[in-house]
2 protein chains.
Amino acid sequence: MVDILHRVGVQNAAPDDVYDALTTLDGLRGWWASDTSGSVELGGVIEFRFGPGGIDMRVIELDRPNRVVWEVVGGPAEWIGTTVTWRLSTAGDYTIVLFSHAGWAEPVEFMYHCSTKWAVFLLSLKALVETGAGSPDPRDLRISDWH
Amino acid sequence: MVDILHRVGVQNAAPDDVYDALTTLDGLRGWWASDTSGSVELGGVIEFRFGPGGIDMRVIELDRPNRVVWEVVGGPAEWIGTTVTWRLSTAGDYTIVLFSHAGWAEPVEFMYHCSTKWAVFLLSLKALVETGAGSPDPRDLRISDWH
């Protein structure tokens, strides 16, 4: 089992601000997928759509403003059953975001891609909360032939 | 043991172009640390300096234009003895870069930070080879309170 890990700091923002961007449809549409729908409540399934494909996340933990956990219930085969965890804390004038996408069976090449792509989307989340404008799909930064 | 993994594609570039950016002082200065010196030959030690600190990498494998491996021989305690591996291949008009920073003893918070920061520097490498201009330290993108 191998994990993708990331850390960013969102400046001049409270954990509640980042928490909102992770737990509302408007927030999620602002940094990850413009086409996001579904239920953001505990036990609900959020549907993220990216051009040809999509990812469905079940919300399995909500602890404002500290922690959000999603379980992948739809999407690429390698993602099914993995979990995405967001941990928020404060350091000076930053909200620190500790991110993990855990439970990959194998470090396949697709995992390398997803690791870099998550970094790009975390920087989009940071920009959204700091400036009001993120870069969600389909305006996300292209990093390779795999998009 | 846990690893940092990333994948980017450098468009309209040959593997040799990316290999040069990884194996010459001018190349390394163009995307990672402006203050880079030392020996880039097999067995040599490259000295990367970032403001207050630095990282020393011993070049332990050079296989043009496919593969470069460094061993960390100086720098943050968590980095000592870890290895950084670059694998290059071709896909259409892209050179694909598979990156790993492997052998971390524990997934400490600093590893989360380094994972995101490596993504930023890989995008700097991509920009350098594609456009001639990367964003090396000290002009790198700041991602948090930890820089």
# chains A, B, ... in the order shown; residues from 1 in each chain; ligands from 1
>>> closest_atom_pairs(of="chain B", to="chain A", cutoff="9 Å", atoms="only C-alpha atoms", output="Markdown table")
| residue | atom | partner | partner_atom | distance |
| --- | --- | --- | --- | --- |
| B:Val2 | CA | A:Val2 | CA | 7.2 |
| B:Asp3 | CA | A:Val2 | CA | 7.9 |
| B:Ile4 | CA | A:Ile4 | CA | 7.3 |
| B:Leu5 | CA | A:Tyr112 | CA | 5.0 |
| B:His6 | CA | A:Tyr112 | CA | 4.3 |
| B:Arg7 | CA | A:His113 | CA | 4.7 |
| B:Val8 | CA | A:Ser144 | CA | 5.3 |
| B:Gly9 | CA | A:Ser144 | CA | 4.0 |
| B:Val10 | CA | A:Ser144 | CA | 6.7 |
| B:Gln11 | CA | A:Ser144 | CA | 7.5 |
| B:Ala91 | CA | A:Asp145 | CA | 7.7 |
| B:Gly92 | CA | A:Asp145 | CA | 8.2 |
| B:Asp93 | CA | A:Asp145 | CA | 8.6 |
| B:Tyr94 | CA | A:Asp145 | CA | 6.8 |
| B:Thr95 | CA | A:Ser144 | CA | 8.9 |
| B:Ile96 | CA | A:Ser144 | CA | 7.6 |
| B:Leu98 | CA | A:Tyr112 | CA | 7.1 |
| B:Phe99 | CA | A:Tyr112 | CA | 7.7 |
| B:Ser100 | CA | A:Tyr112 | CA | 8.5 |
| B:Pro107 | CA | A:Leu5 | CA | 8.3 |
| B:Glu109 | CA | A:Arg7 | CA | 7.7 |
| B:Phe110 | CA | A:Arg7 | CA | 8.4 |
| B:Met111 | CA | A:Leu5 | CA | 7.6 |
| B:Tyr112 | CA | A:His6 | CA | 4.3 |
| B:His113 | CA | A:Arg7 | CA | 4.7 |
| B:Cys114 | CA | A:His6 | CA | 7.8 |
| B:Ser115 | CA | A:His6 | CA | 5.7 |
| B:Thr116 | CA | A:His6 | CA | 5.2 |
| B:Lys117 | CA | A:Ala119 | CA | 8.5 |
| B:Trp118 | CA | A:Thr116 | CA | 8.7 |
| B:Ala119 | CA | A:Thr116 | CA | 5.6 |
| B:Val120 | CA | A:Ala119 | CA | 7.9 |
| B:Leu122 | CA | A:Thr116 | CA | 8.8 |
| B:Leu123 | CA | A:Ile143 | CA | 7.5 |
| B:Lys126 | CA | A:Ile143 | CA | 8.5 |
| B:Ile143 | CA | A:Val8 | CA | 5.5 |
| B:Ser144 | CA | A:Gly9 | CA | 4.0 |
| B:Asp145 | CA | A:Gly9 | CA | 6.2 |
| B:Trp146 | CA | A:Gly9 | CA | 8.3 |
>>> select_by_dssp(residues="segment 31-128 of chain A", states="strand (DSSP E)", output="compact mmCIF listing (two decimals) with all heavy atoms, in the first residue's frame")
# COMPACT_ATOMS: atom_id res chain seq x y z
N ASP A 35 -17.48 20.79 -13.06
CA ASP A 35 -18.68 19.96 -13.13
C ASP A 35 -18.71 19.03 -11.91
O ASP A 35 -18.26 17.88 -11.97
CB ASP A 35 -18.68 19.17 -14.44
CG ASP A 35 -19.95 18.32 -14.60
OD1 ASP A 35 -20.78 18.28 -13.67
OD2 ASP A 35 -20.08 17.69 -15.66
N THR A 36 -19.20 19.54 -10.81
CA THR A 36 -19.32 18.77 -9.57
C THR A 36 -20.77 18.83 -9.09
O THR A 36 -21.36 19.90 -9.06
CB THR A 36 -18.40 19.35 -8.47
OG1 THR A 36 -17.04 19.24 -8.89
CG2 THR A 36 -18.57 18.62 -7.14
N SER A 37 -21.32 17.66 -8.76
CA SER A 37 -22.68 17.62 -8.24
C SER A 37 -22.78 16.53 -7.19
O SER A 37 -21.77 15.92 -6.82
CB SER A 37 -23.67 17.37 -9.39
OG SER A 37 -23.35 16.14 -10.02
N GLY A 38 -23.98 16.28 -6.69
CA GLY A 38 -24.17 15.23 -5.69
C GLY A 38 -24.37 15.81 -4.31
O GLY A 38 -24.67 16.99 -4.15
N VAL A 45 -22.65 11.11 -1.67
CA VAL A 45 -21.66 10.86 -2.71
C VAL A 45 -21.54 12.11 -3.58
O VAL A 45 -22.55 12.61 -4.10
CB VAL A 45 -22.04 9.65 -3.58
CG1 VAL A 45 -21.09 9.50 -4.76
CG2 VAL A 45 -22.03 8.38 -2.73
N ILE A 46 -20.32 12.60 -3.72
CA ILE A 46 -20.04 13.76 -4.56
C ILE A 46 -19.54 13.25 -5.91
O ILE A 46 -18.67 12.37 -5.95
CB ILE A 46 -18.98 14.68 -3.94
CG1 ILE A 46 -19.27 14.92 -2.45
CG2 ILE A 46 -18.92 16.01 -4.70
CD1 ILE A 46 -18.17 15.73 -1.74
N GLU A 47 -20.10 13.81 -6.99
CA GLU A 47 -19.75 13.35 -8.34
C GLU A 47 -18.94 14.41 -9.05
O GLU A 47 -19.44 15.49 -9.37
CB GLU A 47 -21.04 13.04 -9.11
CG GLU A 47 -21.82 11.88 -8.48
CD GLU A 47 -23.31 11.90 -8.84
OE1 GLU A 47 -23.70 12.66 -9.75
OE2 GLU A 47 -24.07 11.17 -8.16
N PHE A 48 -17.68 14.10 -9.26
CA PHE A 48 -16.76 14.99 -9.97
C PHE A 48 -16.63 14.50 -11.41
O PHE A 48 -16.36 13.32 -11.63
CB PHE A 48 -15.38 14.97 -9.30
CG PHE A 48 -15.39 15.38 -7.85
CD1 PHE A 48 -15.48 14.42 -6.84
CD2 PHE A 48 -15.30 16.71 -7.49
CE1 PHE A 48 -15.49 14.79 -5.50
CE2 PHE A 48 -15.31 17.09 -6.15
CZ PHE A 48 -15.40 16.13 -5.15
N ARG A 49 -16.81 15.37 -12.37
CA ARG A 49 -16.73 14.97 -13.77
C ARG A 49 -15.67 15.77 -14.51
O ARG A 49 -15.62 17.00 -14.40
CB ARG A 49 -18.09 15.17 -14.45
CG ARG A 49 -19.18 14.23 -13.91
CD ARG A 49 -18.85 12.77 -14.22
NE ARG A 49 -19.77 11.84 -13.57
CZ ARG A 49 -19.58 11.26 -12.38
NH1 ARG A 49 -18.48 11.55 -11.68
NH2 ARG A 49 -20.46 10.41 -11.89
N PHE A 50 -14.83 15.03 -15.22
CA PHE A 50 -13.70 15.62 -15.95
C PHE A 50 -13.76 15.14 -17.39
O PHE A 50 -13.30 14.03 -17.68
CB PHE A 50 -12.38 15.13 -15.36
CG PHE A 50 -12.23 15.35 -13.88
CD1 PHE A 50 -12.76 14.45 -12.98
CD2 PHE A 50 -11.55 16.45 -13.40
CE1 PHE A 50 -12.61 14.64 -11.62
CE2 PHE A 50 -11.41 16.66 -12.05
CZ PHE A 50 -11.94 15.74 -11.15
N GLY A 53 -14.23 11.27 -18.17
CA GLY A 53 -14.44 10.39 -17.02
C GLY A 53 -14.91 11.11 -15.80
O GLY A 53 -15.33 12.27 -15.84
N GLY A 54 -14.86 10.40 -14.68
CA GLY A 54 -15.31 11.03 -13.46
C GLY A 54 -14.89 10.24 -12.25
O GLY A 54 -14.37 9.13 -12.35
N ILE A 55 -15.11 10.85 -11.12
CA ILE A 55 -14.77 10.24 -9.83
C ILE A 55 -15.93 10.48 -8.89
O ILE A 55 -16.44 11.61 -8.80
CB ILE A 55 -13.46 10.85 -9.27
CG1 ILE A 55 -12.28 10.50 -10.17
CG2 ILE A 55 -13.21 10.36 -7.84
CD1 ILE A 55 -11.06 11.34 -9.94
N ASP A 56 -16.33 9.43 -8.18
CA ASP A 56 -17.38 9.56 -7.17
C ASP A 56 -16.76 9.32 -5.80
O ASP A 56 -16.11 8.30 -5.57
CB ASP A 56 -18.49 8.52 -7.41
CG ASP A 56 -19.19 8.72 -8.74
OD1 ASP A 56 -19.15 9.84 -9.28
OD2 ASP A 56 -19.77 7.73 -9.25
N MET A 57 -16.99 10.26 -4.91
CA MET A 57 -16.42 10.21 -3.56
C MET A 57 -17.54 10.12 -2.54
O MET A 57 -18.44 10.98 -2.54
CB MET A 57 -15.63 11.50 -3.28
CG MET A 57 -14.44 11.74 -4.17
SD MET A 57 -13.03 10.71 -3.69
CE MET A 57 -11.71 11.62 -4.52
N ARG A 58 -17.48 9.14 -1.67
CA ARG A 58 -18.42 9.10 -0.55
C ARG A 58 -17.78 9.87 0.62
O ARG A 58 -16.62 9.65 0.95
CB ARG A 58 -18.74 7.67 -0.13
CG ARG A 58 -19.81 7.61 0.99
CD ARG A 58 -20.20 6.19 1.37
NE ARG A 58 -20.72 5.42 0.26
CZ ARG A 58 -21.97 5.51 -0.22
NH1 ARG A 58 -22.82 6.37 0.30
NH2 ARG A 58 -22.33 4.75 -1.23
N VAL A 59 -18.55 10.75 1.22
CA VAL A 59 -18.06 11.55 2.35
C VAL A 59 -18.17 10.67 3.60
O VAL A 59 -19.28 10.35 4.05
CB VAL A 59 -18.89 12.83 2.53
CG1 VAL A 59 -18.36 13.64 3.71
CG2 VAL A 59 -18.92 13.65 1.25
N ILE A 60 -17.03 10.24 4.14
CA ILE A 60 -17.10 9.31 5.27
C ILE A 60 -16.67 9.95 6.59
O ILE A 60 -16.83 9.34 7.64
CB ILE A 60 -16.29 8.01 5.01
CG1 ILE A 60 -14.81 8.30 4.79
CG2 ILE A 60 -16.87 7.24 3.84
CD1 ILE A 60 -13.96 7.02 4.72
N GLU A 61 -16.17 11.17 6.56
CA GLU A 61 -15.87 11.87 7.80
C GLU A 61 -15.92 13.37 7.56
O GLU A 61 -15.40 13.86 6.56
CB GLU A 61 -14.48 11.47 8.31
CG GLU A 61 -14.28 11.75 9.79
CD GLU A 61 -12.95 11.20 10.31
OE1 GLU A 61 -12.48 10.14 9.85
OE2 GLU A 61 -12.36 11.88 11.18
N LEU A 62 -16.58 14.06 8.48
CA LEU A 62 -16.67 15.53 8.43
C LEU A 62 -16.48 16.04 9.85
O LEU A 62 -17.31 15.76 10.72
CB LEU A 62 -18.05 15.98 7.93
CG LEU A 62 -18.38 15.89 6.45
CD1 LEU A 62 -19.81 16.37 6.19
CD2 LEU A 62 -17.40 16.70 5.60
N ASP A 63 -15.39 16.74 10.10
CA ASP A 63 -15.10 17.26 11.44
C ASP A 63 -14.64 18.71 11.27
O ASP A 63 -13.44 18.99 11.20
CB ASP A 63 -14.03 16.39 12.12
CG ASP A 63 -13.60 16.96 13.46
OD1 ASP A 63 -14.30 17.85 14.01
OD2 ASP A 63 -12.54 16.54 13.96
N ARG A 67 -10.99 18.24 9.66
CA ARG A 67 -10.74 17.00 8.94
C ARG A 67 -11.91 16.63 8.05
O ARG A 67 -13.08 16.73 8.45
CB ARG A 67 -10.54 15.91 10.00
CG ARG A 67 -10.04 14.60 9.52
CD ARG A 67 -9.81 13.70 10.74
NE ARG A 67 -9.80 12.31 10.35
CZ ARG A 67 -8.69 11.62 10.09
NH1 ARG A 67 -7.51 12.20 10.23
NH2 ARG A 67 -8.76 10.37 9.70
N VAL A 68 -11.57 16.17 6.84
CA VAL A 68 -12.56 15.67 5.88
C VAL A 68 -11.97 14.39 5.28
O VAL A 68 -10.79 14.36 4.94
CB VAL A 68 -12.82 16.70 4.75
CG1 VAL A 68 -13.74 16.12 3.69
CG2 VAL A 68 -13.38 18.00 5.31
N VAL A 69 -12.79 13.35 5.18
CA VAL A 69 -12.32 12.11 4.56
C VAL A 69 -13.34 11.65 3.52
O VAL A 69 -14.55 11.64 3.79
CB VAL A 69 -12.10 10.98 5.59
CG1 VAL A 69 -11.47 9.75 4.92
CG2 VAL A 69 -11.21 11.46 6.74
N TRP A 70 -12.82 11.30 2.35
CA TRP A 70 -13.64 10.75 1.28
C TRP A 70 -13.15 9.33 0.95
O TRP A 70 -11.95 9.06 0.96
CB TRP A 70 -13.47 11.56 -0.01
CG TRP A 70 -13.87 13.01 0.05
CD1 TRP A 70 -14.83 13.59 0.82
CD2 TRP A 70 -13.29 14.08 -0.74
NE1 TRP A 70 -14.90 14.93 0.55
CE2 TRP A 70 -13.97 15.27 -0.41
CE3 TRP A 70 -12.28 14.14 -1.72
CZ2 TRP A 70 -13.66 16.49 -0.99
CZ3 TRP A 70 -11.98 15.36 -2.29
CH2 TRP A 70 -12.67 16.53 -1.94
N GLU A 71 -14.11 8.49 0.59
CA GLU A 71 -13.76 7.17 0.04
C GLU A 71 -14.15 7.16 -1.43
O GLU A 71 -15.26 7.56 -1.79
CB GLU A 71 -14.53 6.07 0.78
CG GLU A 71 -14.21 4.69 0.23
CD GLU A 71 -15.09 3.60 0.82
OE1 GLU A 71 -15.89 3.91 1.73
OE2 GLU A 71 -14.99 2.45 0.35
N VAL A 72 -13.25 6.66 -2.26
CA VAL A 72 -13.54 6.63 -3.70
C VAL A 72 -14.45 5.43 -4.00
O VAL A 72 -14.06 4.29 -3.76
CB VAL A 72 -12.23 6.53 -4.52
CG1 VAL A 72 -12.57 6.53 -6.01
CG2 VAL A 72 -11.29 7.67 -4.17
N VAL A 73 -15.64 5.73 -4.49
CA VAL A 73 -16.60 4.66 -4.80
C VAL A 73 -16.86 4.54 -6.29
O VAL A 73 -17.54 3.61 -6.73
CB VAL A 73 -17.92 4.86 -4.02
CG1 VAL A 73 -17.68 4.71 -2.51
CG2 VAL A 73 -18.58 6.20 -4.32
N GLY A 74 -16.32 5.46 -7.08
CA GLY A 74 -16.44 5.36 -8.53
C GLY A 74 -15.29 6.08 -9.18
O GLY A 74 -14.81 7.09 -8.65
N THR A 83 -8.70 6.15 -0.16
CA THR A 83 -9.30 7.23 0.62
C THR A 83 -8.48 8.51 0.48
O THR A 83 -7.25 8.48 0.38
CB THR A 83 -9.39 6.88 2.12
OG1 THR A 83 -8.10 6.52 2.58
CG2 THR A 83 -10.36 5.74 2.37
N VAL A 84 -9.20 9.60 0.49
CA VAL A 84 -8.60 10.93 0.43
C VAL A 84 -8.88 11.63 1.75
O VAL A 84 -10.05 11.76 2.15
CB VAL A 84 -9.18 11.73 -0.76
CG1 VAL A 84 -8.70 13.18 -0.72
CG2 VAL A 84 -8.80 11.07 -2.08
N THR A 85 -7.83 12.04 2.44
CA THR A 85 -7.98 12.66 3.76
C THR A 85 -7.39 14.07 3.74
O THR A 85 -6.28 14.29 3.24
CB THR A 85 -7.25 11.82 4.83
OG1 THR A 85 -7.83 10.52 4.86
CG2 THR A 85 -7.37 12.48 6.21
N TRP A 86 -8.15 15.00 4.28
CA TRP A 86 -7.74 16.40 4.40
C TRP A 86 -7.64 16.73 5.87
O TRP A 86 -8.63 16.58 6.60
CB TRP A 86 -8.78 17.32 3.76
CG TRP A 86 -9.09 17.03 2.32
CD1 TRP A 86 -10.02 16.14 1.85
CD2 TRP A 86 -8.49 17.63 1.17
NE1 TRP A 86 -10.03 16.16 0.47
CE2 TRP A 86 -9.09 17.06 0.03
CE3 TRP A 86 -7.49 18.59 1.01
CZ2 TRP A 86 -8.73 17.42 -1.26
CZ3 TRP A 86 -7.13 18.94 -0.29
CH2 TRP A 86 -7.75 18.37 -1.40
N ARG A 87 -6.48 17.19 6.33
CA ARG A 87 -6.31 17.62 7.71
C ARG A 87 -5.93 19.09 7.72
O ARG A 87 -4.98 19.48 7.02
CB ARG A 87 -5.23 16.79 8.40
CG ARG A 87 -5.67 15.38 8.72
CD ARG A 87 -4.58 14.60 9.44
NE ARG A 87 -3.51 14.21 8.55
CZ ARG A 87 -2.26 13.95 8.94
NH1 ARG A 87 -1.91 14.09 10.21
NH2 ARG A 87 -1.34 13.57 8.07
N LEU A 88 -6.63 19.89 8.47
CA LEU A 88 -6.41 21.33 8.50
C LEU A 88 -5.95 21.76 9.88
O LEU A 88 -6.46 21.27 10.89
CB LEU A 88 -7.72 22.06 8.15
CG LEU A 88 -8.44 21.60 6.88
CD1 LEU A 88 -9.71 22.41 6.66
CD2 LEU A 88 -7.53 21.69 5.66
N SER A 89 -4.97 22.67 9.90
CA SER A 89 -4.51 23.23 11.18
C SER A 89 -4.01 24.64 10.91
O SER A 89 -3.97 25.10 9.77
CB SER A 89 -3.40 22.36 11.77
OG SER A 89 -2.31 22.29 10.86
N THR A 90 -3.62 25.31 11.98
CA THR A 90 -3.19 26.71 11.86
C THR A 90 -1.71 26.84 12.20
O THR A 90 -1.25 26.21 13.16
CB THR A 90 -4.02 27.60 12.82
OG1 THR A 90 -5.40 27.47 12.46
CG2 THR A 90 -3.62 29.04 12.71
N ALA A 91 -0.99 27.62 11.43
CA ALA A 91 0.41 27.96 11.73
C ALA A 91 0.61 29.41 11.36
O ALA A 91 0.69 29.76 10.18
CB ALA A 91 1.37 27.07 10.94
N TYR A 94 -1.17 31.15 8.36
CA TYR A 94 -1.49 30.13 7.36
C TYR A 94 -2.46 29.09 7.92
O TYR A 94 -2.37 28.72 9.10
CB TYR A 94 -0.24 29.37 6.94
CG TYR A 94 0.68 30.11 6.00
CD1 TYR A 94 1.69 30.92 6.48
CD2 TYR A 94 0.54 29.98 4.62
CE1 TYR A 94 2.54 31.61 5.61
CE2 TYR A 94 1.39 30.66 3.76
CZ TYR A 94 2.38 31.47 4.25
OH TYR A 94 3.21 32.13 3.40
N THR A 95 -3.35 28.60 7.07
CA THR A 95 -4.01 27.32 7.33
C THR A 95 -3.22 26.25 6.59
O THR A 95 -3.05 26.33 5.37
CB THR A 95 -5.47 27.33 6.85
OG1 THR A 95 -6.23 28.17 7.71
CG2 THR A 95 -6.06 25.92 6.89
N ILE A 96 -2.73 25.29 7.34
CA ILE A 96 -1.94 24.21 6.75
C ILE A 96 -2.87 23.08 6.34
O ILE A 96 -3.72 22.64 7.13
CB ILE A 96 -0.90 23.69 7.75
CG1 ILE A 96 0.01 24.84 8.21
CG2 ILE A 96 -0.10 22.55 7.15
CD1 ILE A 96 0.76 25.54 7.10
N VAL A 97 -2.70 22.63 5.11
CA VAL A 97 -3.48 21.52 4.57
C VAL A 97 -2.56 20.32 4.42
O VAL A 97 -1.61 20.37 3.64
CB VAL A 97 -4.08 21.88 3.19
CG1 VAL A 97 -4.90 20.73 2.65
CG2 VAL A 97 -4.89 23.16 3.27
N LEU A 98 -2.84 19.26 5.19
CA LEU A 98 -2.13 17.99 4.98
C LEU A 98 -3.08 17.06 4.25
O LEU A 98 -4.18 16.76 4.72
CB LEU A 98 -1.71 17.36 6.31
CG LEU A 98 -0.62 18.09 7.08
CD1 LEU A 98 -0.25 17.30 8.33
CD2 LEU A 98 0.61 18.30 6.21
N PHE A 99 -2.63 16.64 3.09
CA PHE A 99 -3.46 15.85 2.17
C PHE A 99 -2.87 14.46 2.02
O PHE A 99 -1.66 14.32 1.88
CB PHE A 99 -3.46 16.55 0.80
CG PHE A 99 -4.00 15.72 -0.33
CD1 PHE A 99 -5.33 15.81 -0.69
CD2 PHE A 99 -3.17 14.86 -1.04
CE1 PHE A 99 -5.84 15.05 -1.74
CE2 PHE A 99 -3.67 14.08 -2.08
CZ PHE A 99 -5.02 14.18 -2.43
N SER A 100 -3.72 13.44 2.03
CA SER A 100 -3.23 12.12 1.61
C SER A 100 -4.27 11.44 0.73
O SER A 100 -5.48 11.59 0.94
CB SER A 100 -2.90 11.23 2.81
OG SER A 100 -4.07 10.74 3.40
N HIS A 101 -3.76 10.75 -0.28
CA HIS A 101 -4.60 9.86 -1.10
C HIS A 101 -3.99 8.48 -0.91
O HIS A 101 -2.98 8.14 -1.54
CB HIS A 101 -4.59 10.31 -2.56
CG HIS A 101 -5.45 9.48 -3.45
ND1 HIS A 101 -5.51 9.64 -4.81
CD2 HIS A 101 -6.32 8.47 -3.15
CE1 HIS A 101 -6.35 8.76 -5.32
NE2 HIS A 101 -6.84 8.03 -4.35
N ALA A 102 -4.61 7.74 -0.01
CA ALA A 102 -3.97 6.53 0.54
C ALA A 102 -4.66 5.25 0.09
O ALA A 102 -5.84 5.23 -0.24
CB ALA A 102 -4.00 6.60 2.07
N GLY A 103 -3.86 4.18 0.10
CA GLY A 103 -4.42 2.87 -0.16
C GLY A 103 -4.25 2.37 -1.57
O GLY A 103 -4.91 1.42 -1.97
N TRP A 104 -3.38 2.99 -2.35
CA TRP A 104 -3.07 2.47 -3.68
C TRP A 104 -2.47 1.07 -3.54
O TRP A 104 -1.58 0.86 -2.71
CB TRP A 104 -2.08 3.39 -4.38
CG TRP A 104 -2.62 4.73 -4.78
CD1 TRP A 104 -2.90 5.77 -3.96
CD2 TRP A 104 -2.92 5.16 -6.11
NE1 TRP A 104 -3.37 6.84 -4.71
CE2 TRP A 104 -3.39 6.49 -6.03
CE3 TRP A 104 -2.83 4.57 -7.38
CZ2 TRP A 104 -3.77 7.22 -7.15
CZ3 TRP A 104 -3.21 5.30 -8.49
CH2 TRP A 104 -3.68 6.60 -8.38
>>> select_by_dssp(residues="chain B", states="helix (DSSP H, G or I)", output="MDAnalysis selection string")
chainID B and resid 15:23 25:31 77:79 109:131
>>> write_last_selection(atoms="C-alpha atoms", output="PDB file, in the first residue's frame")
ATOM      1  CA  PRO B  15      14.910  12.764 -23.757  1.00  0.00           C
ATOM      2  CA  ASP B  16      18.414  14.130 -24.376  1.00  0.00           C
ATOM      3  CA  ASP B  17      17.144  17.660 -23.728  1.00  0.00           C
ATOM      4  CA  VAL B  18      15.703  16.692 -20.343  1.00  0.00           C
ATOM      5  CA  TYR B  19      18.764  14.594 -19.562  1.00  0.00           C
ATOM      6  CA  ASP B  20      20.955  17.665 -20.146  1.00  0.00           C
ATOM      7  CA  ALA B  21      18.844  19.664 -17.679  1.00  0.00           C
ATOM      8  CA  LEU B  22      19.479  16.971 -15.057  1.00  0.00           C
ATOM      9  CA  THR B  23      23.170  16.398 -15.660  1.00  0.00           C
ATOM     10  CA  LEU B  25      25.284  22.635 -13.771  1.00  0.00           C
ATOM     11  CA  ASP B  26      23.651  25.116 -16.129  1.00  0.00           C
ATOM     12  CA  GLY B  27      20.639  22.851 -16.502  1.00  0.00           C
ATOM     13  CA  LEU B  28      20.236  22.246 -12.771  1.00  0.00           C
ATOM     14  CA  ARG B  29      20.626  25.975 -12.082  1.00  0.00           C
ATOM     15  CA  GLY B  30      17.803  26.634 -14.504  1.00  0.00           C
ATOM     16  CA  TRP B  31      15.024  24.743 -12.704  1.00  0.00           C
ATOM     17  CA  ALA B  77      18.330  14.561   8.379  1.00  0.00           C
ATOM     18  CA  GLU B  78      15.253  12.942   6.819  1.00  0.00           C
ATOM     19  CA  TRP B  79      16.869  13.100   3.380  1.00  0.00           C
ATOM     20  CA  GLU B 109       5.033  16.234   7.769  1.00  0.00           C
ATOM     21  CA  PHE B 110       8.216  17.424   6.074  1.00  0.00           C
ATOM     22  CA  MET B 111       7.742  14.633   3.516  1.00  0.00           C
ATOM     23  CA  TYR B 112       4.262  15.977   2.672  1.00  0.00           C
ATOM     24  CA  HIS B 113       5.892  19.365   2.069  1.00  0.00           C
ATOM     25  CA  CYS B 114       8.717  17.974  -0.048  1.00  0.00           C
ATOM     26  CA  SER B 115       6.265  16.016  -2.190  1.00  0.00           C
ATOM     27  CA  THR B 116       4.375  19.162  -3.178  1.00  0.00           C
ATOM     28  CA  LYS B 117       7.586  21.134  -3.572  1.00  0.00           C
ATOM     29  CA  TRP B 118       9.053  18.494  -5.903  1.00  0.00           C
ATOM     30  CA  ALA B 119       5.949  18.852  -8.080  1.00  0.00           C
ATOM     31  CA  VAL B 120       6.585  22.586  -8.274  1.00  0.00           C
ATOM     32  CA  PHE B 121      10.209  22.019  -9.297  1.00  0.00           C
ATOM     33  CA  LEU B 122       9.254  19.365 -11.862  1.00  0.00           C
ATOM     34  CA  LEU B 123       6.944  21.912 -13.463  1.00  0.00           C
ATOM     35  CA  SER B 124       9.897  24.302 -13.399  1.00  0.00           C
ATOM     36  CA  LEU B 125      12.019  21.663 -15.185  1.00  0.00           C
ATOM     37  CA  LYS B 126       9.255  21.212 -17.760  1.00  0.00           C
ATOM     38  CA  ALA B 127       9.057  24.969 -18.317  1.00  0.00           C
ATOM     39  CA  LEU B 128      12.835  25.281 -18.621  1.00  0.00           C
ATOM     40  CA  VAL B 129      13.080  22.658 -21.357  1.00  0.00           C
ATOM     41  CA  GLU B 130       9.917  23.786 -23.175  1.00  0.00           C
ATOM     42  CA  THR B 131      10.434  27.540 -23.012  1.00  0.00           C
TER      43      THR B 131
END
>>> atom_distance(atom1="atom CA of Ala14 of chain A", atom2="atom CA of Ser135 of chain B")
29.0 Å
